[in-house]
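Working notes for the structure below.
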Amino acid sequence: MEKTIRVLGLEDLPYMEAMQTGIEDDYVTRIFERLVTTDQDRLFGLFLDDQLASVCGYSIFAKHYAILGRIRSDIRYRGKDLATALTSQVMDEAFKLPDIQWVGANTQEENLPARRVLEKLGLSPQVVIYGAIAKDVSPLENGSLAWNKLSDLKRKKQWVYDLYVKNGSVFPYECYYLLPASPELFAEDELETWSFFESEDATRVVIVKRDIKTAHYLHAIYPWEDLMDQPGLWETIASAYKELCREVGEDALIWMDFTKEQALSLPENHQFDLPSPWMLYGTGRTKAEKGA
């Protein structure tokens with residue numbers, strides 16, 4: 001059988017719909033048009049003769065990062081390493097883009113086959129995280145005053161530099177998407193839209209952003225392990241959440257990315273939904289390596 005790999009377009013939707021992936025109501029089919037027509041996303045297909053046997057794509061964030069995903073294989077062709085071959089080429093295609101410095105992928109910690117594929121492709125684990133969701137954090141409040149909101153852009157830039165850029169820590173750039181920090185990740189126009197709340201003693205900060213996926217999210221970022229030891233932290237998050245709900249006119253959700261240590265520190269009466277943890281894998285290439 002002849003094997004070809006190419007970028008998919010709108011005309012390829014019938015091939016996608018004909019795939020037997022075993023996934024009922026696959027969201028990739030539902031958002032296919034967006035995936036093949038926007039500048040942020042690319043979707044590739046591996047064909048065996050005239051049959052679409054595997055798909056994989058990437059999404060670009062902050063111009064310099066690409067996240068691999070939407071990996072699907074037709075169950076009639078599994079066991080032939082087609083997804084591995086396709087993902088490898090998609091990763092190479094992402095690195096051909098002039099501004100891309102890092103390529104990564106997310107998978108559940110328990111998904112050992114997927115982890116082996118990513119490691120085989122040269123991606124290394126970066127972090128293990130829980131994408132935790134809640135509507136109510138009142139059980140975590142202790143009646144303390146909410147923290148002070150920062151308006152000074154210079155102070156915001158100092159916080160992200162000290163917490164993330166200086167040591168290259170992973171930063172939750174969006175709900176579902178964590179990226180290794182670099183100066184390019186923190187554009188001034190974005191920092192202006194993010195809310196920073198500083199503790200009274202100025203030793204802690206919580207970053208609050210707004211995101212829309214299938215719902216409105218208040219994305220709260222707190223990188224320390226002492227979630228339950230900082231008076232006013234949960235009052236600050238609760239206040240920002242209520243403000244978001246008022247502005248959008250409907251119930252929203254609170255999203256926080258917890259490390260295992262943070263998740264274990266939560267009391268029994270917490271309201272967060274803690275799904276199976278996810279692992280971020282990634283690898284970077286310098287301009288010299290890309291030009292080799």
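Letters for chains follow the order of the structure tokens (A, B, ...), residue numbers begin at 1 for each chain, and ligand numbers begin at 1 in the order shown.
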Next on the checklist: Can you tell me, as number ranges by chain, which residues in segment 47-257 of chain A count as strand (DSSP E) by DSSP?
Outcome noted: A: 47-48, 51-61, 65-73, 102-108, 124-134, 148-150, 170-174, 177-180, 195-198, 205-212, 216-221, 253-257
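Using only C-alpha atoms, the residues found no farther than 9 Å from segment 4-18 of chain A, other than those of its own chain fewer than 2 positions away, are A:Glu2, A:Gln20, A:Val28, A:Thr29, A:Phe32, A:Glu33, A:Leu35, A:Val36, A:Thr37, A:Arg42, A:Leu43, A:Phe44, A:Gly45, A:Leu46, A:Phe47, A:Leu48, A:Asp49, A:Asp50, A:Gln51, A:Leu52, A:Val55, A:Gly57, A:Leu86, A:Gln89.
One finds atom CA of Asp39 of chain A at 21.7 Å from atom CA of Arg285 of chain A.
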Next on the checklist: Quick one: residues within 12 Å of Glu190 of chain A, only C-alpha atoms, excluding same-chain residues fewer than 4 positions away - as a PyMOL selection string?
Outcome noted: chain A and resi 62+153+156-157+173-174+184-186+194-195+208-210
Next on the checklist: Taking 4 positions as the minimum chain separation for residues in the same chain, which residues sit within 8 Å of Pro139 of chain A when counting only C-alpha atoms? Answer as a ChimeraX atom specification.
Outcome noted: /A:269-271
Please dump the current selection as a compact mmCIF listing (two decimals), in the first residue's frame; keep N, CA, C and O atoms.
```txt
# COMPACT_ATOMS: atom_id res chain seq x y z
N ASN A 269 -12.77 18.43 52.65
CA ASN A 269 -14.00 19.08 52.21
C ASN A 269 -13.82 19.98 50.99
O ASN A 269 -14.70 20.77 50.66
N HIS A 270 -12.67 19.88 50.30
CA HIS A 270 -12.47 20.72 49.12
C HIS A 270 -13.46 20.31 48.03
O HIS A 270 -13.95 19.18 47.99
N GLN A 271 -13.75 21.25 47.12
CA GLN A 271 -14.75 21.03 46.07
C GLN A 271 -14.14 20.82 44.69
O GLN A 271 -14.86 20.81 43.68
```
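In this comparison, which uses only C-alpha atoms, the residue of A:Ser182, A:Thr259, A:Gln101, A:Ser239 approaching Tyr65 of chain A most closely is A:Gln101.
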Would you pick out the contacts of Leu227 of chain A at 8 Å or less, using only C-alpha atoms, so that residues sharing its chain but fewer than 6 positions from it are not included, and give the list as a CSV table (one decimal) with N, CA, C and O atoms, in the first residue's frame?
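Written output follows (selection_19.csv):
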```csv
chain,number,residue,atom,x,y,z
A,233,LEU,N,-5.7,33.9,50.5
A,233,LEU,CA,-5.5,33.4,49.2
A,233,LEU,C,-6.9,32.9,48.6
A,233,LEU,O,-7.2,33.4,47.4
A,262,GLN,N,0.5,19.8,46.0
A,262,GLN,CA,-0.6,20.8,46.2
A,262,GLN,C,-1.9,20.0,46.4
A,262,GLN,O,-2.7,20.3,47.3
A,265,SER,N,-2.3,18.5,49.7
A,265,SER,CA,-2.5,19.4,50.8
A,265,SER,C,-3.9,19.9,51.0
A,265,SER,O,-4.2,20.5,52.0
A,266,LEU,N,-4.8,19.6,50.1
A,266,LEU,CA,-6.2,20.1,50.2
A,266,LEU,C,-6.9,19.3,51.3
A,266,LEU,O,-6.7,18.1,51.4
```
